[in-house]
Amino acid sequence: MTEPQADSLQLARWTATSGSNVRSRGAVVIASGDHEWRASAEGNGAIDALFRAVDQALAGVLTGHPRLLAYDIHALGEGTDTIGAVTVRIAPPEIGGERGSGEYSGEARGPNIIAASIEAYISALNALLAESHWSGATEAAGNRKGVAVSAGTAREQRADLDDGEPPHDTTAWFES
């Protein structure tokens with residue numbers, strides 16, 4: 001396995017909540033060099049919420065949201081403790097010029113398909129950002145370590161199991 005480039009995106013932390021009677025929420029911290037981006041978002045399940053959180057965090061880097069073209073999970077064995085292989089294929093945001101074209105894939109494997117899914121998504125984004133026409137995109141975004149990017153009003157719509165229960169803050173540990 002090759003070492004990640006110093007300017008590539010690294011998934012520093014993530015968390016997700018999901019259930020039958022709650023909204024799915026995902027929160028991420030993504031680092032590159034001395035930059036750090038943070039966001040949380042809601043989605044249709046834990047993986048969608050995490051992908052949306054990544055998109056929200058990197059919106060300034062990518063000047064928009066990447067387009068998910070394909071998402072595949074394959075078990076590499078039998079039983080509940082097998083390794084899952086996740087492949088993600090994306091296209092850049094719909095913007096003009098070279099930055100708006102191409103397709104990029106990422107793959108990750110692991111026993112936790114949620115973790116493998118977000119790692120594959122970050123891998124595909126790194127493939128996109130490795131193109132010469134994306135050179136300097138993370139630097140141009142201007143974020144400095146510790147500067148939070150939030151999903152805005154999404155924080156006010158936290159998942160609740162019971163209307164009588166107070167909201168559960170799933171992102172507070174990112175603030176430390």
# chains A, B, ... in the order shown; residues from 1 in each chain; ligands from 1
call {"tool": "residues_around", "arguments": {"residues": "A:Ser18", "least_positions_apart": "3", "cutoff": "10 Å", "atoms": "only C-alpha atoms", "output": "compact mmCIF listing (two decimals) with N, CA, C and O atoms, in the first residue's frame"}}
result
# COMPACT_ATOMS: atom_id res chain seq x y z
N ASN A 21 -36.29 5.10 14.10
CA ASN A 21 -37.13 6.23 14.47
C ASN A 21 -36.34 7.52 14.62
O ASN A 21 -36.74 8.41 15.36
N VAL A 22 -35.21 7.62 13.94
CA VAL A 22 -34.37 8.82 14.02
C VAL A 22 -33.92 9.22 12.63
O VAL A 22 -33.89 8.41 11.71
N ARG A 23 -33.53 10.47 12.52
CA ARG A 23 -32.90 10.93 11.28
C ARG A 23 -31.45 10.44 11.29
O ARG A 23 -30.78 10.50 12.32
N SER A 24 -30.95 9.99 10.17
CA SER A 24 -29.55 9.59 10.09
C SER A 24 -28.70 10.84 10.01
O SER A 24 -29.03 11.78 9.27
N ARG A 25 -27.61 10.86 10.78
CA ARG A 25 -26.71 12.01 10.82
C ARG A 25 -25.28 11.52 10.71
O ARG A 25 -24.94 10.48 11.24
N GLY A 26 -24.47 12.28 10.03
CA GLY A 26 -23.05 11.98 9.92
C GLY A 26 -22.25 13.23 10.19
O GLY A 26 -22.71 14.34 9.88
N GLU A 42 -27.41 15.50 7.44
CA GLU A 42 -28.40 14.43 7.50
C GLU A 42 -28.43 13.71 6.17
O GLU A 42 -28.05 14.26 5.15
N GLY A 43 -28.90 12.46 6.20
CA GLY A 43 -29.01 11.72 4.97
C GLY A 43 -29.96 10.55 5.08
O GLY A 43 -30.53 10.29 6.15
N ASN A 44 -30.10 9.83 4.00
CA ASN A 44 -30.95 8.66 3.93
C ASN A 44 -30.11 7.45 4.35
O ASN A 44 -29.64 6.70 3.52
N GLY A 45 -29.87 7.31 5.64
CA GLY A 45 -29.00 6.26 6.18
C GLY A 45 -27.65 6.84 6.54
O GLY A 45 -27.28 7.96 6.17
N ALA A 46 -26.89 6.07 7.30
CA ALA A 46 -25.60 6.53 7.83
C ALA A 46 -24.59 6.85 6.72
O ALA A 46 -23.90 7.87 6.79
N ILE A 47 -24.50 6.03 5.70
CA ILE A 47 -23.51 6.24 4.64
C ILE A 47 -23.85 7.49 3.84
O ILE A 47 -22.98 8.33 3.59
N ALA A 49 -25.53 10.06 4.91
CA ALA A 49 -25.28 11.21 5.80
C ALA A 49 -23.79 11.54 5.84
O ALA A 49 -23.41 12.72 5.81
N ALA A 159 -31.13 14.24 15.60
CA ALA A 159 -31.99 13.07 15.67
C ALA A 159 -32.50 12.88 17.09
O ALA A 159 -31.76 12.99 18.05
call {"tool": "closest_atom_pairs", "arguments": {"of": "stretch 54-79 of chain A", "to": "stretch 114-129 of chain A", "cutoff": "12 Å", "atoms": "only C-alpha atoms", "output": "Markdown table"}}
result
| residue | atom | partner | partner_atom | distance |
| --- | --- | --- | --- | --- |
| A:Val54 | CA | A:Ile122 | CA | 8.3 |
| A:Asp55 | CA | A:Leu125 | CA | 10.0 |
| A:Ala57 | CA | A:Ile122 | CA | 11.9 |
| A:Leu58 | CA | A:Leu125 | CA | 9.8 |
| A:Ala59 | CA | A:Leu125 | CA | 12.0 |
| A:Val61 | CA | A:Leu129 | CA | 9.4 |
| A:Leu62 | CA | A:Leu129 | CA | 8.7 |
| A:His65 | CA | A:Leu125 | CA | 10.7 |
| A:Pro66 | CA | A:Leu125 | CA | 8.3 |
| A:Arg67 | CA | A:Leu125 | CA | 10.7 |
| A:Leu68 | CA | A:Tyr121 | CA | 9.1 |
| A:Leu69 | CA | A:Ala124 | CA | 11.2 |
| A:Ala70 | CA | A:Tyr121 | CA | 10.6 |
| A:Tyr71 | CA | A:Ser117 | CA | 8.5 |
| A:Asp72 | CA | A:Ser117 | CA | 9.0 |
| A:Ile73 | CA | A:Ser117 | CA | 8.3 |
| A:His74 | CA | A:Ala116 | CA | 11.2 |
| A:Ala75 | CA | A:Ala116 | CA | 11.9 |
call {"tool": "residues_around", "arguments": {"residues": "A:Ile30", "least_positions_apart": "3", "cutoff": "9 Å", "atoms": "only C-alpha atoms", "output": "short mmCIF file (atom, residue, chain, number, x, y, z; two decimals) with N, CA and C atoms, in the first residue's frame"}}
result
data_model
loop_
_atom_site.label_atom_id
_atom_site.label_comp_id
_atom_site.auth_asym_id
_atom_site.auth_seq_id
_atom_site.Cartn_x
_atom_site.Cartn_y
_atom_site.Cartn_z
N LEU A 9 -6.29 14.28 0.99
CA LEU A 9 -7.28 14.35 2.07
C LEU A 9 -7.14 13.13 2.97
N GLN A 10 -7.20 13.38 4.27
CA GLN A 10 -7.16 12.31 5.26
C GLN A 10 -8.41 12.40 6.11
N LEU A 11 -9.09 11.29 6.31
CA LEU A 11 -10.25 11.26 7.18
C LEU A 11 -9.75 11.18 8.61
N ALA A 12 -9.84 12.28 9.35
CA ALA A 12 -9.33 12.34 10.72
C ALA A 12 -10.30 11.66 11.69
N ARG A 13 -11.58 11.98 11.58
CA ARG A 13 -12.60 11.39 12.47
C ARG A 13 -13.94 11.38 11.76
N TRP A 14 -14.81 10.49 12.19
CA TRP A 14 -16.17 10.46 11.69
C TRP A 14 -17.07 9.83 12.73
N HIS A 35 -4.51 22.10 6.92
CA HIS A 35 -5.91 22.49 6.79
C HIS A 35 -6.78 21.43 7.44
N GLU A 36 -7.95 21.87 7.89
CA GLU A 36 -8.92 20.95 8.47
C GLU A 36 -10.31 21.46 8.14
N TRP A 37 -11.19 20.56 7.71
CA TRP A 37 -12.57 20.89 7.40
C TRP A 37 -13.47 19.99 8.22
N ARG A 38 -14.55 20.55 8.75
CA ARG A 38 -15.50 19.81 9.59
C ARG A 38 -16.91 20.09 9.10
N ALA A 39 -17.77 19.10 9.16
CA ALA A 39 -19.17 19.32 8.82
C ALA A 39 -20.01 18.17 9.34
N VAL A 54 -19.16 14.96 4.09
CA VAL A 54 -17.91 15.18 3.35
C VAL A 54 -18.13 16.25 2.29
N ALA A 57 -18.32 19.63 3.94
CA ALA A 57 -17.01 20.06 4.43
C ALA A 57 -16.11 20.54 3.30
N LEU A 58 -16.18 19.88 2.15
CA LEU A 58 -15.27 20.18 1.05
C LEU A 58 -15.88 21.05 -0.04
#
call {"tool": "atom_distance", "arguments": {"atom1": "atom CA of A:Val86", "atom2": "atom CA of A:Ala130"}}
result
20.6 Å
call {"tool": "atom_distance", "arguments": {"atom1": "atom CA of A:Thr82", "atom2": "atom CA of A:Ala108"}}
result
13.9 Å
call {"tool": "atom_distance", "arguments": {"atom1": "atom CA of A:Ser132", "atom2": "atom CA of A:Asp34"}}
result
20.7 Å
call {"tool": "decode", "arguments": {"residues": "stretch 18-51 of chain A", "atoms": "N, CA, C and O atoms", "output": "short mmCIF file (atom, residue, chain, number, x, y, z; two decimals), in the first residue's frame"}}
result
data_model
loop_
_atom_site.label_atom_id
_atom_site.label_comp_id
_atom_site.auth_asym_id
_atom_site.auth_seq_id
_atom_site.Cartn_x
_atom_site.Cartn_y
_atom_site.Cartn_z
N SER A 18 -27.91 6.43 13.28
CA SER A 18 -28.98 6.01 12.40
C SER A 18 -29.87 5.05 13.17
O SER A 18 -29.42 4.37 14.09
N GLY A 19 -31.12 5.01 12.82
CA GLY A 19 -32.04 4.09 13.46
C GLY A 19 -33.40 4.15 12.80
O GLY A 19 -33.63 4.95 11.89
N SER A 20 -34.31 3.32 13.29
CA SER A 20 -35.62 3.25 12.65
C SER A 20 -36.50 4.46 12.96
O SER A 20 -37.37 4.80 12.18
N ASN A 21 -36.29 5.10 14.10
CA ASN A 21 -37.13 6.23 14.47
C ASN A 21 -36.34 7.52 14.62
O ASN A 21 -36.74 8.41 15.36
N VAL A 22 -35.21 7.62 13.94
CA VAL A 22 -34.37 8.82 14.02
C VAL A 22 -33.92 9.22 12.63
O VAL A 22 -33.89 8.41 11.71
N ARG A 23 -33.53 10.47 12.52
CA ARG A 23 -32.90 10.93 11.28
C ARG A 23 -31.45 10.44 11.29
O ARG A 23 -30.78 10.50 12.32
N SER A 24 -30.95 9.99 10.17
CA SER A 24 -29.55 9.59 10.09
C SER A 24 -28.70 10.84 10.01
O SER A 24 -29.03 11.78 9.27
N ARG A 25 -27.61 10.86 10.78
CA ARG A 25 -26.71 12.01 10.82
C ARG A 25 -25.28 11.52 10.71
O ARG A 25 -24.94 10.48 11.24
N GLY A 26 -24.47 12.28 10.03
CA GLY A 26 -23.05 11.98 9.92
C GLY A 26 -22.25 13.23 10.19
O GLY A 26 -22.71 14.34 9.88
N ALA A 27 -21.08 13.07 10.78
CA ALA A 27 -20.18 14.19 11.03
C ALA A 27 -18.77 13.74 10.69
O ALA A 27 -18.40 12.59 10.97
N VAL A 28 -17.99 14.63 10.09
CA VAL A 28 -16.63 14.29 9.67
C VAL A 28 -15.66 15.41 10.01
O VAL A 28 -16.05 16.57 10.10
N VAL A 29 -14.41 15.03 10.18
CA VAL A 29 -13.28 15.96 10.22
C VAL A 29 -12.31 15.43 9.17
O VAL A 29 -11.88 14.28 9.23
N ILE A 30 -11.99 16.28 8.20
CA ILE A 30 -11.09 15.91 7.10
C ILE A 30 -9.89 16.85 7.17
O ILE A 30 -10.05 18.07 7.33
N ALA A 31 -8.70 16.28 7.05
CA ALA A 31 -7.47 17.08 7.11
C ALA A 31 -6.67 16.92 5.83
O ALA A 31 -6.75 15.89 5.15
N SER A 32 -5.90 17.95 5.53
CA SER A 32 -4.95 17.93 4.43
C SER A 32 -3.86 18.93 4.78
O SER A 32 -4.14 20.13 4.87
N GLY A 33 -2.65 18.42 5.00
CA GLY A 33 -1.58 19.31 5.43
C GLY A 33 -1.96 19.97 6.73
O GLY A 33 -2.33 19.31 7.69
N ASP A 34 -1.92 21.30 6.78
CA ASP A 34 -2.32 22.00 8.00
C ASP A 34 -3.74 22.55 7.90
O ASP A 34 -4.15 23.37 8.71
N HIS A 35 -4.51 22.10 6.92
CA HIS A 35 -5.91 22.49 6.79
C HIS A 35 -6.78 21.43 7.44
O HIS A 35 -6.42 20.26 7.49
N GLU A 36 -7.95 21.87 7.89
CA GLU A 36 -8.92 20.95 8.47
C GLU A 36 -10.31 21.46 8.14
O GLU A 36 -10.59 22.64 8.26
N TRP A 37 -11.19 20.56 7.71
CA TRP A 37 -12.57 20.89 7.40
C TRP A 37 -13.47 19.99 8.22
O TRP A 37 -13.21 18.79 8.35
N ARG A 38 -14.55 20.55 8.75
CA ARG A 38 -15.50 19.81 9.59
C ARG A 38 -16.91 20.09 9.10
O ARG A 38 -17.21 21.22 8.70
N ALA A 39 -17.77 19.10 9.16
CA ALA A 39 -19.17 19.32 8.82
C ALA A 39 -20.01 18.17 9.34
O ALA A 39 -19.50 17.07 9.60
N SER A 40 -21.28 18.43 9.47
CA SER A 40 -22.25 17.39 9.78
C SER A 40 -23.43 17.56 8.83
O SER A 40 -23.68 18.66 8.32
N ALA A 41 -24.13 16.47 8.58
CA ALA A 41 -25.26 16.51 7.65
C ALA A 41 -26.20 15.36 7.94
O ALA A 41 -25.84 14.38 8.58
N GLU A 42 -27.41 15.50 7.44
CA GLU A 42 -28.40 14.43 7.50
C GLU A 42 -28.43 13.71 6.17
O GLU A 42 -28.05 14.26 5.15
N GLY A 43 -28.90 12.46 6.20
CA GLY A 43 -29.01 11.72 4.97
C GLY A 43 -29.96 10.55 5.08
O GLY A 43 -30.53 10.29 6.15
N ASN A 44 -30.10 9.83 4.00
CA ASN A 44 -30.95 8.66 3.93
C ASN A 44 -30.11 7.45 4.35
O ASN A 44 -29.64 6.70 3.52
N GLY A 45 -29.87 7.31 5.64
CA GLY A 45 -29.00 6.26 6.18
C GLY A 45 -27.65 6.84 6.54
O GLY A 45 -27.28 7.96 6.17
N ALA A 46 -26.89 6.07 7.30
CA ALA A 46 -25.60 6.53 7.83
C ALA A 46 -24.59 6.85 6.72
O ALA A 46 -23.90 7.87 6.79
N ILE A 47 -24.50 6.03 5.70
CA ILE A 47 -23.51 6.24 4.64
C ILE A 47 -23.85 7.49 3.84
O ILE A 47 -22.98 8.33 3.59
N ASP A 48 -25.11 7.67 3.49
CA ASP A 48 -25.52 8.88 2.77
C ASP A 48 -25.25 10.12 3.62
O ASP A 48 -24.76 11.13 3.11
N ALA A 49 -25.53 10.06 4.91
CA ALA A 49 -25.28 11.21 5.80
C ALA A 49 -23.79 11.54 5.84
O ALA A 49 -23.41 12.72 5.81
N LEU A 50 -22.94 10.52 5.90
CA LEU A 50 -21.49 10.77 5.91
C LEU A 50 -21.00 11.33 4.59
O LEU A 50 -20.19 12.26 4.57
N PHE A 51 -21.48 10.80 3.47
CA PHE A 51 -21.10 11.34 2.16
C PHE A 51 -21.52 12.81 2.06
O PHE A 51 -20.78 13.66 1.58
#
